[in-house]
>>> print(open('my_file-v9.cif').read())   # mmCIF, C-alpha atoms
data_query
#
loop_
_atom_site.group_PDB
_atom_site.id
_atom_site.type_symbol
_atom_site.label_atom_id
_atom_site.label_comp_id
_atom_site.auth_asym_id
_atom_site.auth_seq_id
_atom_site.Cartn_x
_atom_site.Cartn_y
_atom_site.Cartn_z
ATOM 1 C CA MET A 1 41.627 -19.042 26.306
ATOM 2 C CA LYS A 2 39.377 -22.106 25.980
ATOM 3 C CA ARG A 3 36.769 -20.434 28.189
ATOM 4 C CA TYR A 4 36.622 -17.363 25.940
ATOM 5 C CA LEU A 5 36.304 -19.507 22.837
ATOM 6 C CA LEU A 6 33.565 -21.596 24.452
ATOM 7 C CA PHE A 7 31.773 -18.406 25.572
ATOM 8 C CA PHE A 8 31.809 -16.977 22.026
ATOM 9 C CA VAL A 9 30.532 -20.250 20.549
ATOM 10 C CA TRP A 10 27.599 -20.317 23.006
ATOM 11 C CA ALA A 11 26.892 -16.627 22.422
ATOM 12 C CA ALA A 12 26.795 -17.210 18.657
ATOM 13 C CA ILE A 13 24.420 -20.160 19.077
ATOM 14 C CA ALA A 14 22.157 -18.070 21.340
ATOM 15 C CA LEU A 15 22.055 -15.263 18.763
ATOM 16 C CA VAL A 16 21.037 -17.731 16.054
ATOM 17 C CA PHE A 17 18.148 -18.998 18.191
ATOM 18 C CA VAL A 18 17.008 -15.455 19.013
ATOM 19 C CA ALA A 19 17.086 -14.451 15.339
ATOM 20 C CA CYS A 20 15.133 -17.534 14.273
ATOM 21 C CA GLY A 21 12.530 -17.003 16.957
ATOM 22 C CA SER A 22 11.723 -13.389 16.162
ATOM 23 C CA SER A 23 8.030 -12.754 15.778
ATOM 24 C CA PRO A 24 6.449 -10.896 12.856
ATOM 25 C CA PRO A 25 5.740 -7.197 13.301
ATOM 26 C CA GLU A 26 2.453 -6.196 14.911
ATOM 27 C CA PRO A 27 -0.543 -5.615 12.598
ATOM 28 C CA VAL A 28 -1.127 -1.977 11.750
ATOM 29 C CA THR A 29 -4.107 0.098 10.576
ATOM 30 C CA TYR A 30 -3.806 3.465 8.854
ATOM 31 C CA THR A 31 -6.701 5.784 8.069
ATOM 32 C CA ILE A 32 -5.963 7.659 4.842
ATOM 33 C CA GLU A 33 -8.132 10.699 4.219
ATOM 34 C CA MET A 34 -8.446 11.843 0.606
ATOM 35 C CA SER A 35 -9.387 15.372 -0.367
ATOM 36 C CA GLU A 36 -8.742 17.886 -3.112
ATOM 37 C CA TYR A 37 -5.908 17.065 -3.829
ATOM 38 C CA SER A 38 -4.015 15.133 -1.203
ATOM 39 C CA PHE A 39 -3.656 12.037 0.938
ATOM 40 C CA ASN A 40 -3.399 12.451 4.712
ATOM 41 C CA PRO A 41 -1.096 11.014 5.880
ATOM 42 C CA ASP A 42 0.945 11.333 2.705
ATOM 43 C CA THR A 43 3.572 8.796 3.806
ATOM 44 C CA ILE A 44 2.937 5.250 5.053
ATOM 45 C CA GLU A 45 5.756 2.995 6.309
ATOM 46 C CA VAL A 46 5.284 -0.766 6.767
ATOM 47 C CA ARG A 47 7.505 -3.841 7.224
ATOM 48 C CA VAL A 48 7.712 -7.258 5.596
ATOM 49 C CA GLY A 49 5.442 -9.726 7.389
ATOM 50 C CA GLN A 50 3.159 -7.014 8.732
ATOM 51 C CA GLU A 51 -0.598 -7.310 8.329
ATOM 52 C CA VAL A 52 -1.755 -3.938 7.010
ATOM 53 C CA THR A 53 -5.237 -2.454 6.859
ATOM 54 C CA LEU A 54 -5.748 0.827 5.043
ATOM 55 C CA GLU A 55 -8.999 2.577 5.889
ATOM 56 C CA LEU A 56 -9.682 4.895 2.958
ATOM 57 C CA VAL A 57 -12.007 7.856 3.515
ATOM 58 C CA ASN A 58 -12.937 10.416 0.865
ATOM 59 C CA MET A 59 -13.290 13.761 2.638
ATOM 60 C CA GLY A 60 -13.472 15.670 -0.642
ATOM 61 C CA ALA A 61 -16.266 16.995 -2.800
ATOM 62 C CA LEU A 62 -14.964 14.978 -5.795
ATOM 63 C CA GLU A 63 -14.720 11.248 -6.458
ATOM 64 C CA HIS A 64 -11.200 9.875 -5.824
ATOM 65 C CA GLU A 65 -9.292 6.668 -6.487
ATOM 66 C CA PHE A 66 -6.458 5.003 -4.578
ATOM 67 C CA MET A 67 -3.622 3.085 -6.225
ATOM 68 C CA ILE A 68 -0.107 2.063 -5.108
ATOM 69 C CA GLY A 69 2.626 1.591 -7.687
ATOM 70 C CA GLN A 70 5.811 2.742 -9.387
ATOM 71 C CA ASP A 71 6.691 4.406 -12.678
ATOM 72 C CA VAL A 72 3.830 6.657 -13.771
ATOM 73 C CA MET A 73 2.572 5.902 -17.281
ATOM 74 C CA MET A 74 1.474 8.739 -19.512
ATOM 75 C CA MET A 75 -1.438 8.728 -21.945
ATOM 76 C CA GLU A 76 -1.722 11.628 -24.378
ATOM 77 C CA GLY A 77 0.756 13.597 -22.289
ATOM 78 C CA ARG A 78 -1.152 13.093 -19.011
ATOM 79 C CA PRO A 79 -0.420 10.814 -16.013
ATOM 80 C CA ASN A 80 -2.728 7.823 -16.363
ATOM 81 C CA ARG A 81 -1.636 5.022 -14.021
ATOM 82 C CA PHE A 82 1.362 3.205 -12.569
ATOM 83 C CA GLN A 83 3.324 0.905 -14.830
ATOM 84 C CA THR A 84 4.043 -1.407 -11.895
ATOM 85 C CA ASP A 85 1.300 -2.158 -9.364
ATOM 86 C CA ILE A 86 2.556 -3.168 -5.895
ATOM 87 C CA PHE A 87 0.047 -6.010 -5.553
ATOM 88 C CA GLU A 88 0.343 -7.463 -9.051
ATOM 89 C CA SER A 89 4.147 -7.381 -8.928
ATOM 90 C CA ALA A 90 4.175 -9.150 -5.540
ATOM 91 C CA GLY A 91 1.473 -11.686 -6.452
ATOM 92 C CA VAL A 92 -0.701 -10.478 -3.572
ATOM 93 C CA GLU A 93 -4.441 -9.963 -3.840
ATOM 94 C CA PRO A 94 -5.594 -7.492 -1.191
ATOM 95 C CA MET A 95 -8.977 -7.880 0.452
ATOM 96 C CA LEU A 96 -11.024 -4.843 -0.524
ATOM 97 C CA MET A 97 -14.231 -4.062 1.317
ATOM 98 C CA THR A 98 -16.658 -1.223 1.822
ATOM 99 C CA MET A 99 -16.902 0.127 5.359
ATOM 100 C CA GLU A 100 -20.241 -1.667 5.579
ATOM 101 C CA GLY A 101 -18.376 -4.995 5.239
ATOM 102 C CA GLU A 102 -19.298 -5.751 1.623
ATOM 103 C CA GLU A 103 -16.540 -7.010 -0.662
ATOM 104 C CA LEU A 104 -15.789 -4.633 -3.526
ATOM 105 C CA ASP A 105 -16.597 -5.708 -7.057
ATOM 106 C CA HIS A 106 -13.716 -7.316 -9.040
ATOM 107 C CA GLU A 107 -14.034 -4.836 -11.922
ATOM 108 C CA ALA A 108 -13.812 -1.816 -9.619
ATOM 109 C CA THR A 109 -10.797 -3.162 -7.724
ATOM 110 C CA HIS A 110 -8.742 -4.098 -10.780
ATOM 111 C CA GLY A 111 -9.010 -0.714 -12.447
ATOM 112 C CA HIS A 112 -10.973 -1.814 -15.501
ATOM 113 C CA GLU A 113 -13.732 0.761 -15.016
ATOM 114 C CA ALA A 114 -11.304 3.678 -15.094
ATOM 115 C CA GLY A 115 -9.107 2.251 -17.859
ATOM 116 C CA HIS A 116 -6.284 1.357 -15.444
ATOM 117 C CA SER A 117 -4.499 -1.885 -14.745
ATOM 118 C CA GLY A 118 -3.628 -2.931 -11.212
ATOM 119 C CA TYR A 119 -5.556 -2.797 -7.966
ATOM 120 C CA MET A 120 -7.443 0.365 -7.182
ATOM 121 C CA VAL A 121 -10.291 1.579 -5.056
ATOM 122 C CA MET A 122 -12.805 4.189 -6.243
ATOM 123 C CA LEU A 123 -14.421 6.267 -3.509
ATOM 124 C CA ALA A 124 -17.561 8.328 -3.895
ATOM 125 C CA GLU A 125 -17.405 11.979 -2.956
ATOM 126 C CA ASN A 126 -18.329 13.329 0.473
ATOM 127 C CA GLY A 127 -17.519 10.408 2.748
ATOM 128 C CA GLY A 128 -17.029 7.365 0.512
ATOM 129 C CA LYS A 129 -15.212 4.692 2.542
ATOM 130 C CA ALA A 130 -13.455 1.376 1.950
ATOM 131 C CA THR A 131 -10.754 -0.810 3.500
ATOM 132 C CA MET A 132 -7.821 -2.578 1.883
ATOM 133 C CA SER A 133 -6.118 -5.389 3.855
ATOM 134 C CA PHE A 134 -3.030 -7.435 2.968
ATOM 135 C CA THR A 135 0.164 -8.915 4.382
ATOM 136 C CA VAL A 136 3.395 -7.256 3.245
ATOM 137 C CA THR A 137 5.787 -9.594 1.382
ATOM 138 C CA GLU A 138 9.500 -9.471 0.504
ATOM 139 C CA ASN A 139 8.523 -8.675 -3.106
ATOM 140 C CA MET A 140 7.048 -5.361 -1.944
ATOM 141 C CA VAL A 141 10.257 -3.953 -0.415
ATOM 142 C CA GLY A 142 11.021 -0.478 -1.743
ATOM 143 C CA GLU A 143 9.532 2.954 -2.234
ATOM 144 C CA TRP A 144 6.137 3.105 -3.921
ATOM 145 C CA GLN A 145 3.739 5.933 -4.688
ATOM 146 C CA MET A 146 0.108 6.281 -3.732
ATOM 147 C CA GLY A 147 -1.831 8.109 -6.405
ATOM 148 C CA CYS A 148 -5.154 9.251 -7.818
ATOM 149 C CA PHE A 149 -5.333 9.642 -11.610
ATOM 150 C CA LEU A 150 -8.915 10.832 -12.067
ATOM 151 C CA GLN A 151 -9.937 13.600 -14.474
ATOM 152 C CA ASP A 152 -7.273 12.509 -16.971
ATOM 153 C CA GLY A 153 -4.489 12.837 -14.408
ATOM 154 C CA VAL A 154 -5.493 16.255 -13.065
ATOM 155 C CA HIS A 155 -5.716 14.893 -9.486
ATOM 156 C CA TYR A 156 -2.204 13.430 -9.712
ATOM 157 C CA ASP A 157 -0.738 16.612 -11.236
ATOM 158 C CA ALA A 158 -2.456 18.710 -8.556
ATOM 159 C CA GLY A 159 -0.582 16.805 -5.824
ATOM 160 C CA MET A 160 -2.717 13.773 -5.051
ATOM 161 C CA VAL A 161 0.415 11.710 -4.531
ATOM 162 C CA GLY A 162 1.930 10.056 -1.457
ATOM 163 C CA MET A 163 4.679 7.618 -0.495
ATOM 164 C CA PHE A 164 4.240 3.981 0.545
ATOM 165 C CA VAL A 165 7.527 2.663 1.936
ATOM 166 C CA VAL A 166 8.148 -1.051 2.598
ATOM 167 C CA THR A 167 11.195 -2.092 4.629
ATOM 168 C CA PRO A 168 12.544 -5.591 5.349
#
>>> encode(input="my_file-v9.cif", output="structure tokens")
Amino acid sequence: MKRYLLFFVWAAIALVFVACGSSPPEPVTYTIEMSEYSFNPDTIEVRVGQEVTLELVNMGALEHEFMIGQDVMMMEGRPNRFQTDIFESAGVEPMLMTMEGEELDHEATHGHEAGHSGYMVMLAENGGKATMSFTVTENMVGEWQMGCFLQDGVHYDAGMVGMFVVTP
């Protein structure tokens, strides 16, 4: 009986050491193509501790924006932005850069130009590109939406919506 008890104690101690020594998830890069009116892929799944890079590419003939948040806010009966921005709520400032390696302007990335709050990226039509990099935190766990609210919410209403899922 003592041997079994001793075995279980050692097994429990070994499990504690294995759990404490687990490494963070591997970094991941997703290329998100935007067009009229969709994101491809339309669902992104990431984990806490993961370094994430989103390569945003506008394949459409219209300008598009990219935001991640929850609870769509309406303005004059139209979808306008997210009430809760994933980055602001988590206290994370993503690194936003053009594909040429230039950091994006603070005004453009905080939504002030388009009348939004939160982090956003505006992409020019026909091949506009940018990257967004960040490390996922515990405060981001949950289901979020990706969205484009241009043309007074027409893009969002037309289906330019996706899911951004963060798991522990």
>>> resolve_selection(input="my_file-v9.cif", expression="the PyMOL selection byres ((chain A and resi 138) around 7)", output="list in words")
Val48, Thr137, Asn139, Met140, Val141 and Pro168 of chain A
>>> resolve_selection(input="my_file-v9.cif", expression="the PyMOL selection byres ((chain A and resi 53) around 6)", output="list in words")
Thr29, Val52, Leu54, Met132 and Ser133 of chain A
>>> resolve_selection(input="my_file-v9.cif", expression="the PyMOL selection byres ((chain A and resi 70) around 6)", output="ChimeraX atom specification")
/A:69,71,82,84,144
>>> atom_distance(input="my_file-v9.cif", atom1="atom CA of Arg47 of chain A", atom2="atom CA of Glu65 of chain A")
24.1 Å
>>> residues_near_point(input="my_file-v9.cif", point="(-3.9, 13.0, -18.0)", cutoff="8 Å", atoms="all atoms listed in the file", output="PyMOL selection string")
chain A and resi 74-80+149+151-154
>>> closest_residue(input="my_file-v9.cif", among="A:Pro94, A:Gly60, A:Pro27, A:Pro41", to="Phe134 of chain A", atoms="only C-alpha atoms")
A:Pro94
>>> atom_distance(input="my_file-v9.cif", atom1="atom CA of Ile32 of chain A", atom2="atom CA of His64 of chain A")
12.1 Å
>>> axis_aligned_box(input="my_file-v9.cif", around="segment 54-60 of chain A", padding_each_side="8 Å", output="AutoDock Vina command-line options")
--center_x -9.6 --center_y 8.2 --center_z 2.6 --size_x 23.7 --size_y 30.8 --size_z 22.5
>>> atom_distance(input="my_file-v9.cif", atom1="atom CA of Ile68 of chain A", atom2="atom CA of Pro24 of chain A")
23.1 Å
